[in-house]
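Here's structure-v5.txt, which has compact mmCIF, C-alpha atoms and all ligand atoms:
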```
# COMPACT_ATOMS: atom_id res chain seq x y z
CA MET K 19 112.05 19.84 213.77
CA VAL K 20 110.57 16.99 211.82
CA ASP K 21 113.16 17.45 209.07
CA PHE K 22 115.92 16.23 211.38
CA GLU K 23 114.70 13.20 213.30
CA HIS K 24 115.98 9.93 214.61
CA ARG K 25 114.64 6.91 212.73
CA ASN K 26 115.59 3.46 213.92
CA GLY K 27 118.03 5.13 216.29
CA ALA K 28 119.92 7.09 213.61
CA LEU K 29 119.54 10.81 212.89
CA HIS K 30 118.27 11.63 209.40
CA CYS K 31 117.92 14.82 207.39
CA GLU K 32 114.58 14.28 205.66
CA ASP K 33 115.00 10.75 204.24
CA VAL K 34 118.80 10.69 204.19
CA PRO K 35 120.78 9.13 207.06
CA LEU K 36 123.43 11.61 208.18
CA ALA K 37 125.92 8.74 208.48
CA ALA K 38 125.65 8.24 204.71
CA ILE K 39 126.63 11.86 204.08
CA ALA K 40 129.53 11.62 206.54
CA GLU K 41 130.69 8.46 204.79
CA ALA K 42 130.58 10.01 201.32
CA VAL K 43 131.74 13.58 201.99
CA GLY K 44 133.68 13.26 205.23
CA THR K 45 133.31 15.54 208.24
CA PRO K 46 132.87 18.27 209.26
CA VAL K 47 130.06 19.09 206.83
CA TYR K 48 127.01 21.36 206.89
CA VAL K 49 123.73 19.66 206.00
CA TYR K 50 120.60 21.62 205.00
CA SER K 51 117.01 20.51 204.60
CA THR K 52 115.17 21.95 201.61
CA ALA K 53 111.80 21.12 203.19
CA ALA K 54 112.68 22.93 206.41
CA MET K 55 113.68 26.17 204.71
CA LEU K 56 110.63 26.12 202.47
CA GLN K 57 108.43 25.52 205.51
CA ASN K 58 110.04 28.41 207.37
CA LEU K 59 109.46 30.70 204.39
CA ARG K 60 105.87 29.49 204.07
CA GLU K 61 105.17 30.11 207.75
CA PHE K 62 106.54 33.63 207.52
CA ARG K 63 104.51 34.34 204.39
CA ASP K 64 101.36 32.89 205.98
CA ALA K 65 101.90 35.10 209.03
CA LEU K 66 101.75 38.11 206.68
CA ALA K 67 98.76 36.83 204.72
CA GLU K 68 96.73 39.94 205.56
CA VAL K 69 99.48 42.34 204.50
CA THR K 70 98.97 43.58 200.93
CA ASP K 71 101.75 42.53 198.57
CA PRO K 72 104.62 42.28 201.08
CA LEU K 73 108.15 41.96 199.69
CA ILE K 74 109.92 39.19 201.58
CA ALA K 75 113.59 39.80 200.88
CA TYR K 76 115.63 36.97 202.35
CA ALA K 77 118.79 38.30 204.04
CA VAL K 78 121.43 36.64 201.89
CA LYS K 79 124.22 37.03 204.42
CA ALA K 80 122.56 34.47 206.72
CA ASN K 81 123.33 31.73 204.21
CA PRO K 82 124.52 32.74 200.74
CA ASN K 83 125.03 29.24 199.37
CA ALA K 84 124.00 29.31 195.70
CA ALA K 85 121.79 26.23 196.01
CA VAL K 86 120.06 27.62 199.09
CA LEU K 87 119.44 30.92 197.31
CA ARG K 88 118.07 29.05 194.31
CA VAL K 89 115.54 27.16 196.48
CA LEU K 90 114.34 30.39 198.11
CA ALA K 91 114.30 32.38 194.85
CA ASP K 92 112.28 29.63 193.15
CA ALA K 93 109.82 29.87 196.06
CA GLY K 94 109.39 33.58 195.35
CA ALA K 95 111.68 35.16 197.92
CA GLY K 96 113.49 38.39 197.14
CA ALA K 97 116.92 39.27 198.53
CA ASP K 98 118.27 41.68 201.09
CA ILE K 99 121.91 42.17 200.13
CA VAL K 100 124.82 43.95 201.78
CA SER K 101 127.53 43.83 199.11
CA GLY K 102 128.18 43.67 195.40
CA GLY K 103 129.05 40.01 195.84
CA GLU K 104 125.64 39.31 197.33
CA TYR K 105 124.01 41.25 194.48
CA ARG K 106 125.71 38.90 192.04
CA ARG K 107 124.74 35.82 194.02
CA ALA K 108 121.11 36.91 194.24
CA ARG K 109 120.89 37.60 190.50
CA ASP K 110 122.71 34.36 189.64
CA ALA K 111 120.14 32.49 191.74
CA GLY K 112 117.33 34.06 189.72
CA VAL K 113 116.12 36.78 192.10
CA PRO K 114 114.54 39.48 189.92
CA PRO K 115 115.95 43.02 190.34
CA ASP K 116 112.65 44.39 191.62
CA LYS K 117 112.89 42.08 194.65
CA ILE K 118 116.36 43.21 195.76
CA VAL K 119 117.04 45.70 198.55
CA PHE K 120 120.59 46.85 199.22
CA ALA K 121 121.60 47.57 202.83
CA GLY K 122 124.96 48.36 204.38
CA VAL K 123 126.78 51.28 205.94
CA GLY K 124 129.78 51.13 203.60
CA LYS K 125 128.51 50.57 200.07
CA ALA K 126 131.37 51.31 197.71
CA GLU K 127 130.91 53.14 194.42
CA ALA K 128 131.53 50.01 192.35
CA GLU K 129 128.89 48.12 194.35
CA MET K 130 126.36 50.90 193.84
CA ALA K 131 127.18 50.97 190.13
CA LEU K 132 126.63 47.21 189.84
CA ALA K 133 123.17 47.44 191.42
CA LEU K 134 122.22 50.56 189.45
CA ALA K 135 123.20 48.91 186.18
CA GLY K 136 121.40 45.64 186.95
CA GLY K 137 118.45 47.23 188.73
CA LEU K 138 117.02 46.86 192.21
CA TYR K 139 113.98 47.70 194.31
CA GLN K 140 115.61 50.06 196.78
CA PHE K 141 118.92 51.23 198.18
CA ASN K 142 118.66 51.57 201.93
CA VAL K 143 121.00 54.51 202.37
CA GLU K 144 122.66 55.03 205.74
CA SER K 145 124.06 58.58 205.58
CA LEU K 146 123.75 61.80 203.63
CA ALA K 147 127.29 61.32 202.30
CA GLU K 148 126.20 57.98 200.86
CA ALA K 149 123.15 59.63 199.28
CA GLU K 150 125.43 62.22 197.69
CA MET K 151 127.72 59.56 196.24
CA LEU K 152 124.75 57.61 194.92
CA SER K 153 123.24 60.77 193.40
CA ALA K 154 126.43 61.62 191.52
CA LEU K 155 126.81 58.06 190.29
CA ALA K 156 123.18 57.75 189.19
CA CYS K 157 123.49 60.99 187.22
CA ALA K 158 126.71 59.82 185.59
CA LEU K 159 125.04 56.55 184.58
CA GLY K 160 121.83 58.21 183.48
CA LYS K 161 119.79 56.30 186.06
CA THR K 162 117.41 57.14 188.88
CA ALA K 163 118.24 55.39 192.14
CA PRO K 164 115.29 54.26 194.27
CA VAL K 165 116.16 55.23 197.83
CA GLY K 166 115.01 54.81 201.38
CA PHE K 167 116.91 55.99 204.43
CA ARG K 168 117.75 53.45 207.08
CA ILE K 169 116.61 55.06 210.28
CA ASN K 170 118.35 54.46 213.58
CA PRO K 171 115.33 54.52 215.88
CA ASP K 172 117.41 54.50 219.08
CA VAL K 173 115.99 51.20 220.29
CA GLY K 174 118.44 48.79 221.90
CA ALA K 175 117.70 45.18 221.01
CA GLY K 176 119.38 41.94 220.09
CA GLY K 177 120.45 38.83 221.85
CA HIS K 178 124.08 39.92 221.96
CA ALA K 179 125.88 43.29 221.84
CA LYS K 180 127.56 42.33 218.56
CA ILE K 181 124.22 41.95 216.79
CA THR K 182 122.44 45.01 218.18
CA THR K 183 122.13 47.56 215.39
CA GLY K 184 119.41 50.03 216.34
CA ALA K 185 120.86 51.73 219.41
CA ALA K 186 121.82 55.40 219.08
CA ALA K 187 125.54 54.63 219.39
CA SER K 188 125.60 51.98 216.65
CA LYS K 189 127.10 52.68 213.23
CA PHE K 190 123.88 51.92 211.39
CA GLY K 191 121.41 54.31 209.79
CA ILE K 192 120.73 58.00 210.33
CA ALA K 193 119.51 59.17 213.71
CA ILE K 194 115.75 59.47 213.79
CA GLY K 195 116.10 63.04 215.07
CA GLU K 196 118.03 64.00 211.94
CA ALA K 197 115.77 62.21 209.51
CA LEU K 198 113.64 65.21 208.44
CA ASP K 199 116.73 67.19 207.57
CA GLY K 200 118.28 64.19 205.77
CA TYR K 201 115.19 63.63 203.62
CA ALA K 202 114.98 67.32 202.76
CA ARG K 203 118.59 67.33 201.58
CA ALA K 204 118.35 64.02 199.74
CA ALA K 205 115.12 65.07 198.00
CA ALA K 206 117.03 68.01 196.54
CA LEU K 207 119.70 65.75 195.02
CA PRO K 208 119.37 64.78 191.36
CA GLY K 209 119.18 61.14 190.30
CA LEU K 210 117.46 59.93 193.48
CA ALA K 211 113.84 58.91 194.01
CA VAL K 212 113.48 59.07 197.79
CA HIS K 213 110.34 57.11 198.64
CA GLY K 214 111.33 54.72 201.43
CA VAL K 215 112.02 54.35 205.12
CA ALA K 216 113.81 51.37 206.66
CA VAL K 217 114.77 49.96 210.05
CA HIS K 218 116.65 46.88 211.19
CA ILE K 219 117.39 46.95 214.89
CA GLY K 220 119.22 43.70 215.53
CA SER K 221 119.25 39.96 215.20
CA GLN K 222 118.13 36.99 217.27
CA LEU K 223 115.46 39.14 218.92
CA THR K 224 113.52 37.16 221.48
CA SER K 225 110.89 39.79 222.25
CA LEU K 226 108.54 41.76 220.00
CA GLU K 227 108.66 44.76 222.29
CA PRO K 228 111.74 46.52 220.82
CA LEU K 229 110.52 45.78 217.30
CA GLU K 230 107.15 47.29 218.10
CA ARG K 231 108.78 50.38 219.58
CA ALA K 232 110.97 50.80 216.49
CA PHE K 233 108.05 50.31 214.09
CA THR K 234 105.92 52.75 216.07
CA ARG K 235 108.64 55.40 215.80
CA LEU K 236 108.95 54.66 212.09
CA GLY K 237 105.20 55.15 211.69
CA GLU K 238 105.42 58.55 213.39
CA LEU K 239 108.30 59.48 211.12
CA ILE K 240 106.31 58.50 208.03
CA GLY K 241 103.60 60.93 209.14
CA ALA K 242 106.11 63.71 209.73
CA LEU K 243 107.81 63.10 206.39
CA ARG K 244 104.50 63.21 204.54
CA SER K 245 103.59 66.44 206.31
CA ALA K 246 106.88 67.82 205.03
CA GLY K 247 105.86 66.90 201.49
CA HIS K 248 107.73 63.64 200.98
CA ASP K 249 106.02 60.86 199.06
CA ILE K 250 106.75 57.82 201.24
CA ARG K 251 105.61 54.58 199.61
CA VAL K 252 107.86 51.88 201.07
CA ALA K 253 108.50 50.86 204.68
CA ASP K 254 111.19 48.23 205.14
CA LEU K 255 110.87 46.64 208.58
CA GLY K 256 114.13 44.66 208.41
CA GLY K 257 114.68 41.22 209.89
CA GLY K 258 115.81 40.12 213.29
CA LEU K 259 113.21 37.68 214.60
CA GLY K 260 114.99 35.09 216.76
CA VAL K 261 114.86 31.32 216.56
CA PRO K 262 114.98 28.77 219.38
CA TYR K 263 118.51 27.46 219.92
CA ASP K 264 118.21 26.16 223.48
CA PRO K 265 115.08 24.10 224.19
CA GLY K 266 115.62 25.00 227.86
CA HIS K 267 114.80 28.65 227.14
CA PRO K 268 111.36 30.09 226.41
CA PRO K 269 110.83 30.11 222.63
CA PRO K 270 111.05 33.47 220.80
CA PRO K 271 107.82 34.95 219.45
CA SER K 272 106.39 33.03 216.52
CA ALA K 273 106.08 34.33 212.99
CA GLN K 274 102.32 34.48 213.64
CA ASP K 275 102.80 36.73 216.69
CA TYR K 276 105.17 38.91 214.70
CA GLY K 277 102.72 39.15 211.81
CA ALA K 278 99.87 40.13 214.13
CA MET K 279 102.01 42.86 215.73
CA VAL K 280 103.05 44.17 212.30
CA ARG K 281 99.45 44.33 211.12
CA ARG K 282 98.40 46.22 214.24
CA VAL K 283 101.27 48.73 214.21
CA THR K 284 101.33 49.41 210.46
CA SER K 285 97.58 49.69 209.87
CA GLY K 286 96.92 52.97 208.10
CA TRP K 287 100.51 53.46 206.98
CA ASN K 288 99.56 53.02 203.37
CA THR K 289 103.02 51.88 202.33
CA ARG K 290 104.32 48.71 200.74
CA LEU K 291 105.98 46.67 203.50
CA VAL K 292 109.35 44.98 203.01
CA PHE K 293 110.67 42.26 205.32
CA GLU K 294 114.24 40.98 205.54
CA PRO K 295 114.21 37.70 207.47
CA GLY K 296 117.47 35.76 207.41
CA ARG K 297 118.01 33.56 210.43
CA LEU K 298 114.31 32.74 210.69
CA ILE K 299 114.36 31.11 207.25
CA VAL K 300 117.54 29.07 207.38
CA ALA K 301 118.83 28.60 210.95
CA SER K 302 116.66 25.64 211.89
CA ALA K 303 117.09 24.13 208.42
CA GLY K 304 120.77 23.32 208.91
CA LEU K 305 123.17 21.48 211.13
CA LEU K 306 126.88 20.87 211.31
CA LEU K 307 127.84 17.21 211.23
CA SER K 308 131.12 16.32 212.92
CA ARG K 309 133.02 13.29 214.16
CA VAL K 310 134.57 12.77 217.57
CA ILE K 311 138.36 12.50 217.16
CA ARG K 312 139.11 11.42 220.71
CA LEU K 313 138.19 11.89 224.34
CA LYS K 314 140.50 13.38 226.92
CA PRO K 315 140.08 13.69 230.68
CA GLY K 316 139.45 17.20 232.02
CA ALA K 317 139.87 18.82 235.44
CA ALA K 318 136.15 18.48 236.03
CA ASP K 319 134.40 17.03 232.97
CA PRO K 320 135.92 15.12 230.07
CA PHE K 321 136.78 16.83 226.80
CA VAL K 322 135.10 15.62 223.64
CA ILE K 323 137.46 16.67 220.87
CA VAL K 324 135.61 16.84 217.56
CA ASP K 325 136.79 17.44 214.01
CA ALA K 326 134.75 20.66 213.68
CA ALA K 327 136.29 23.80 215.11
CA MET K 328 135.74 27.53 215.51
CA ASN K 329 136.82 28.05 211.89
CA ASP K 330 133.87 25.89 210.76
CA LEU K 331 131.28 27.27 213.20
CA MET K 332 132.28 30.60 214.64
CA ARG K 333 129.11 31.54 216.49
CA PRO K 334 130.06 30.15 219.90
CA ALA K 335 133.44 31.96 219.83
CA LEU K 336 132.01 35.16 218.32
CA TYR K 337 128.66 35.52 220.10
CA ASP K 338 128.84 33.03 222.98
CA ALA K 339 126.18 31.20 221.00
CA TRP K 340 124.65 27.97 222.25
CA HIS K 341 124.07 25.08 219.84
CA LYS K 342 122.34 21.89 220.85
CA ILE K 343 124.69 18.92 220.45
CA ASP K 344 123.31 15.44 219.81
CA ALA K 345 124.76 12.09 218.88
CA VAL K 346 123.75 10.86 215.43
CA ARG K 347 123.29 7.41 216.96
CA PRO K 348 122.65 7.95 220.69
CA GLY K 349 123.42 4.96 222.87
CA GLY K 350 120.92 6.02 225.53
CA GLU K 351 123.47 7.09 228.12
CA ARG K 352 123.97 10.79 229.00
CA TRP K 353 126.94 12.54 230.53
CA THR K 354 128.38 15.99 231.17
CA ALA K 355 131.28 16.99 228.96
CA ASN K 356 133.16 19.85 227.31
CA VAL K 357 132.99 19.85 223.52
CA VAL K 358 135.97 21.45 221.80
CA GLY K 359 137.61 21.60 218.40
CA PRO K 360 141.26 21.08 217.41
CA VAL K 361 142.13 24.78 216.82
CA CYS K 362 144.85 26.25 219.01
CA GLU K 363 142.67 28.77 220.82
CA THR K 364 140.85 28.36 224.09
CA GLY K 365 137.93 30.10 222.38
CA ASP K 366 137.59 27.00 220.21
CA THR K 367 135.04 25.65 222.67
CA PHE K 368 131.54 24.69 221.60
CA ALA K 369 130.16 23.72 224.98
CA THR K 370 131.30 23.68 228.60
CA ALA K 371 129.86 21.31 231.20
CA ARG K 372 127.18 20.28 228.71
CA GLU K 373 124.68 17.60 229.54
CA MET K 374 124.55 15.55 226.33
CA ASP K 375 124.57 12.10 224.78
CA ARG K 376 127.56 10.08 225.89
CA VAL K 377 129.88 9.64 222.91
CA GLU K 378 133.06 7.75 222.06
CA ALA K 379 135.91 8.35 219.65
CA GLY K 380 134.65 7.84 216.09
CA ASP K 381 131.02 8.72 216.86
CA LEU K 382 129.16 11.27 214.77
CA ILE K 383 127.59 14.28 216.47
CA VAL K 384 125.61 17.27 215.23
CA PHE K 385 125.44 20.92 216.15
CA ARG K 386 121.84 21.84 215.56
CA THR K 387 120.30 25.06 214.28
CA ALA K 388 123.41 25.83 212.24
CA GLY K 389 121.86 26.94 208.94
CA ALA K 390 122.37 30.68 209.54
CA TYR K 391 125.53 32.73 210.09
CA ALA K 392 127.50 29.51 210.18
CA ALA K 393 128.97 28.06 206.96
CA THR K 394 129.20 31.56 205.54
CA MET K 395 131.53 32.61 208.36
CA ALA K 396 133.77 29.58 207.98
CA SER K 397 137.46 30.27 207.43
CA THR K 398 140.62 28.27 206.88
CA TYR K 399 142.23 29.35 210.16
CA ASN K 400 144.88 26.89 211.31
CA SER K 401 145.21 25.83 207.65
CA ARG K 402 142.07 23.78 207.91
CA PRO K 403 140.02 22.93 204.82
CA LEU K 404 136.96 25.09 204.11
CA THR K 405 133.84 23.27 205.32
CA PRO K 406 131.68 21.67 202.63
CA GLU K 407 127.88 22.00 202.45
CA VAL K 408 125.24 19.46 201.46
CA LEU K 409 121.63 20.15 200.50
CA VAL K 410 119.08 17.40 201.11
CA ASP K 411 115.77 17.16 199.27
CA GLY K 412 113.69 14.12 200.19
CA ASP K 413 115.86 11.06 199.70
CA ARG K 414 118.43 12.86 197.54
CA TRP K 415 121.38 14.92 198.60
CA THR K 416 123.79 17.16 196.69
CA LEU K 417 127.20 18.53 197.56
CA VAL K 418 126.52 22.26 197.10
CA ARG K 419 129.92 23.49 198.26
CA PRO K 420 132.86 21.14 198.01
CA ARG K 421 135.46 20.90 200.71
CA ILE K 422 138.21 23.31 199.68
CA ASP K 423 141.13 21.14 200.69
CA VAL K 424 144.60 22.13 201.80
CA ASP K 425 146.08 21.44 198.35
CA ALA K 426 143.72 24.06 196.88
CA LEU K 427 144.41 26.54 199.70
CA VAL K 428 148.16 26.21 199.32
CA ALA K 429 147.90 26.51 195.54
CA ALA K 430 145.84 29.70 195.93
CA GLY K 431 148.37 31.07 198.40
CA CYS K 432 145.68 31.75 200.96
CA ALA K 433 146.52 29.23 203.64
CA ASP K 434 147.60 31.14 206.71
CA GLY K 435 151.23 31.28 207.78
CA GLY K 436 154.33 32.44 205.92
CA ASN K 437 152.77 35.66 204.72
CA ASP K 438 155.04 38.10 206.52
C1 LIG O 501 121.52 40.83 208.80
C2 LIG O 501 120.39 41.68 208.34
C3 LIG O 501 119.10 41.15 208.24
C4 LIG O 501 118.74 39.75 208.67
O1 LIG O 501 118.71 39.61 210.05
P1 LIG O 501 118.15 38.25 210.70
O2 LIG O 501 118.35 38.44 212.14
O3 LIG O 501 118.96 37.14 210.14
O4 LIG O 501 116.72 38.15 210.32
C5 LIG O 501 118.11 41.97 207.74
N1 LIG O 501 118.36 43.24 207.38
C6 LIG O 501 119.59 43.79 207.48
C7 LIG O 501 119.78 45.19 207.07
C8 LIG O 501 120.65 43.03 207.96
O5 LIG O 501 121.86 43.58 208.07
```

If you convert what's in this file into structure tokens, what do you get?
Ligand SMILES: *Cc1c(COP(=O)(O)O)cnc(C)c1O
Amino acid sequence: MVDFEHRNGALHCEDVPLAAIAEAVGTPVYVYSTAAMLQNLREFRDALAEVTDPLIAYAVKANPNAAVLRVLADAGAGADIVSGGEYRRARDAGVPPDKIVFAGVGKAEAEMALALAGGLYQFNVESLAEAEMLSALACALGKTAPVGFRINPDVGAGGHAKITTGAAASKFGIAIGEALDGYARAAALPGLAVHGVAVHIGSQLTSLEPLERAFTRLGELIGALRSAGHDIRVADLGGGLGVPYDPGHPPPPSAQDYGAMVRRVTSGWNTRLVFEPGRLIVASAGLLLSRVIRLKPGAADPFVIVDAAMNDLMRPALYDAWHKIDAVRPGGERWTANVVGPVCETGDTFATAREMDRVEAGDLIVFRTAGAYAATMASTYNSRPLTPEVLVDGDRWTLVRPRIDVDALVAAGCADGGND
């Protein structure tokens, strides 16, 4: 990624040396490249150039930072949201209502009311009970709710069990076999305009095959629904395309390959297509910058103890995720080491027996490809400050989330401990 490259031996984000950010803000800190996220969005849009009027609704949960949302909204992206809080963030960032789709298996009444009042493109409803609640609410508010059902196509996919969402046993969507009945019942409810179908089968997908199977089933369903008299105008194909984390693994399919598959499978559908990419837009545009606190001998390999921990970057502990680790100023020597954080859990391990740049106490390192599902999952576990975020644009950088320090946590009463 050209937006994070070594120049004169020191890693930069665009034109800003990472050491300068560490000096000014301290570590750990997330650093994002504006150019990288815009390029990722552009590549995705270009891959869909032959699709008529696609709605690209960025999945806000991947990185909901207000400045990040503003960059993407200004570039024309819509928003895929999963809560009332994300609805607010999307609107605050300037996303117009007609570019917002609302997903989620547990939308609460107040969240539905917020989106109905402010407007949105489509609710992706995940059960008949949810459709009934939405119908009653829409009638009470004198609104018509635009609705699609999220279909569970019974396609297992996803890099990790915790991010597979389209298998029959998962909590998401209505079973494809029950869809005709669900649409018939929902169509009879007042206050709903049921014109959509939606799927989202998982995240960090490294093959197009399950996506193609899911889209094919969705296409068959569209035909069956139309035969039953439903006016289906919108097909939301979700997100899920993977990004390369480990350069030692074969790269996931490109946006171009994905776009070509979509064109082939959806030709003749005659619907507006919605896409919900999250990770693909922001993952490669961010990294977590951290400093080595000290080294410690290990049974086999040495421990590199860094000032970032599982509370700052949860993906390794949560998903066994692999992040490339590089020195900001590599000395040329390599070694094999374990990289761990200070939190009192064995799960606070970023890498085991990792071949990496040799580092010393005080050195800066980065965890790459940390722009998605990273800062947003940060917590204050172990009474650690909440990780700050910096957005770089050319030779300028801005602190876009300050470090919430321990004084602030204690004052808010939300530092852990003593709450029993
Ligand atoms: C999380 C999510 C996405 C985004 O998934 P990525 O793998 O980040 O592209 C899209 N749609 C829905 C419904 C989601 O829950």

Atomic separation - atom O4 of ligand LIG 501 (chain O) relative to atom CA of Val165 of chain K, Å: 21.2 Å

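Omitting Gly136 of chain K and its sequence neighbours fewer than 4 positions away, and counting all atoms listed in the file, the residues within 9 Å are Arg109, Pro115, Ala131 and Leu132 of chain K.
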
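A distance search around ligand LIG 501 (chain O) (7 Å at most, all atoms listed in the file) returns the following protein and nucleic acid residues: Ala77, Lys79, Ala80, Asp98, Val100, Ala121, Gly122, His218, Gly220, Ser221, Gln222, Gly256, Gly257, Gly258, Leu259, Gly260, Glu294, Pro295, Gly296, Arg297 and Leu298 of chain K.
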
Restrict the selected residues to C-alpha atoms and save them as a PDB file, in the coordinates of the input.
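Written out: part_12.pdb:
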```
ATOM      1  CA  ALA K  77     118.790  38.300 204.040  1.00  0.00           C
ATOM      2  CA  LYS K  79     124.220  37.030 204.420  1.00  0.00           C
ATOM      3  CA  ALA K  80     122.560  34.470 206.720  1.00  0.00           C
ATOM      4  CA  ASP K  98     118.270  41.680 201.090  1.00  0.00           C
ATOM      5  CA  VAL K 100     124.820  43.950 201.780  1.00  0.00           C
ATOM      6  CA  ALA K 121     121.600  47.570 202.830  1.00  0.00           C
ATOM      7  CA  GLY K 122     124.960  48.360 204.380  1.00  0.00           C
ATOM      8  CA  HIS K 218     116.650  46.880 211.190  1.00  0.00           C
ATOM      9  CA  GLY K 220     119.220  43.700 215.530  1.00  0.00           C
ATOM     10  CA  SER K 221     119.250  39.960 215.200  1.00  0.00           C
ATOM     11  CA  GLN K 222     118.130  36.990 217.270  1.00  0.00           C
ATOM     12  CA  GLY K 256     114.130  44.660 208.410  1.00  0.00           C
ATOM     13  CA  GLY K 257     114.680  41.220 209.890  1.00  0.00           C
ATOM     14  CA  GLY K 258     115.810  40.120 213.290  1.00  0.00           C
ATOM     15  CA  LEU K 259     113.210  37.680 214.600  1.00  0.00           C
ATOM     16  CA  GLY K 260     114.990  35.090 216.760  1.00  0.00           C
ATOM     17  CA  GLU K 294     114.240  40.980 205.540  1.00  0.00           C
ATOM     18  CA  PRO K 295     114.210  37.700 207.470  1.00  0.00           C
ATOM     19  CA  GLY K 296     117.470  35.760 207.410  1.00  0.00           C
ATOM     20  CA  ARG K 297     118.010  33.560 210.430  1.00  0.00           C
ATOM     21  CA  LEU K 298     114.310  32.740 210.690  1.00  0.00           C
TER      22      LEU K 298
END
```

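Closest approach to Thr234 of chain K from the set K:Pro171, K:Gly112, K:Pro269, K:Gly350 is made by K:Pro171, with distances taken over all atoms listed in the file.
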
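Near segment 419-423 of chain K, within 8 Å and counting all atoms listed in the file, sit Asn83, Arg402, Pro403, Leu404, Thr405, Pro406, Glu407, Val408, Leu417, Asp425, Ala426 and Leu427 of chain K; same-chain residues fewer than 2 positions away were not included.
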
Kindly give the distance, in Å, that separates atom CA of Asp344 of chain K and atom CA of Ile39 of chain K, rounded to a single decimal. 16.5 Å

Excluding segment 166-169 of chain K and residues on its chain fewer than 6 positions from it, collect all residues at most 6 Å away from it, counting only C-alpha atoms, and give them as JSON, numbers by chain. {"K": [142, 143, 144, 191, 192, 194, 212, 213, 214, 215, 216, 217]}

Write out as a Markdown table a residue-level contact list of segment 224-302 of chain K versus segment 381-387 of chain K with cut-off 8 Å: for each qualifying residue the closest pair of atoms and the distance in Å to one decimal, counting all atoms listed in the file, rows sorted by chain and residue number upward.
```
| residue | atom | partner | partner_atom | distance |
| --- | --- | --- | --- | --- |
| K:Tyr263 | CA | K:Thr387 | CA | 6.4 |
| K:Ala301 | CA | K:Thr387 | CA | 5.1 |
| K:Ser302 | CA | K:Thr387 | CA | 4.4 |
```

Restricted to C-alpha atoms, what would the selected residues look like written as a PDB file, in the frame of the given file?
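Produced file selection_23.pdb, reproduced below:
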```pdb
ATOM      1  CA  TYR K 263     118.510  27.460 219.920  1.00  0.00           C
ATOM      2  CA  ALA K 301     118.830  28.600 210.950  1.00  0.00           C
ATOM      3  CA  SER K 302     116.660  25.640 211.890  1.00  0.00           C
TER       4      SER K 302
END
```

Atom CA of Phe293 of chain K to atom CA of Asp338 of chain K, straight-line distance in Å: 27.0 Å

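The protein and nucleic acid residues lying at most 10 Å from Leu152 of chain K are Lys125, Ala126, Glu127, Met130, Ala131, Leu134, Phe141, Val143, Leu146, Ala147, Glu148, Ala149, Glu150, Ala154, Leu155, Ala156, Cys157, Ala158, Thr162, Ala163, Val165, Leu207, Pro208, Gly209 and Leu210 of chain K, with all atoms listed in the file considered and sequence neighbours fewer than 2 positions away removed.
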
Test item: residues at most 8 Å from Val78 of chain K, all atoms listed in the file, excluding those fewer than 4 positions along its chain, as an NGL selection string: :K and (82 or 87 or 97-99 or 104 or 108 or 296)

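Distances from K:Glu23, K:Asp71, K:Asp264, K:Asp33 to His341 of chain K were compared using only C-alpha atoms, and the smallest one belongs to K:Asp264.
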
Judged by all atoms listed in the file, the minimum distance to Gly389 of chain K among K:Gly195, K:Gly160, K:Phe368, K:Leu307 is found for K:Leu307
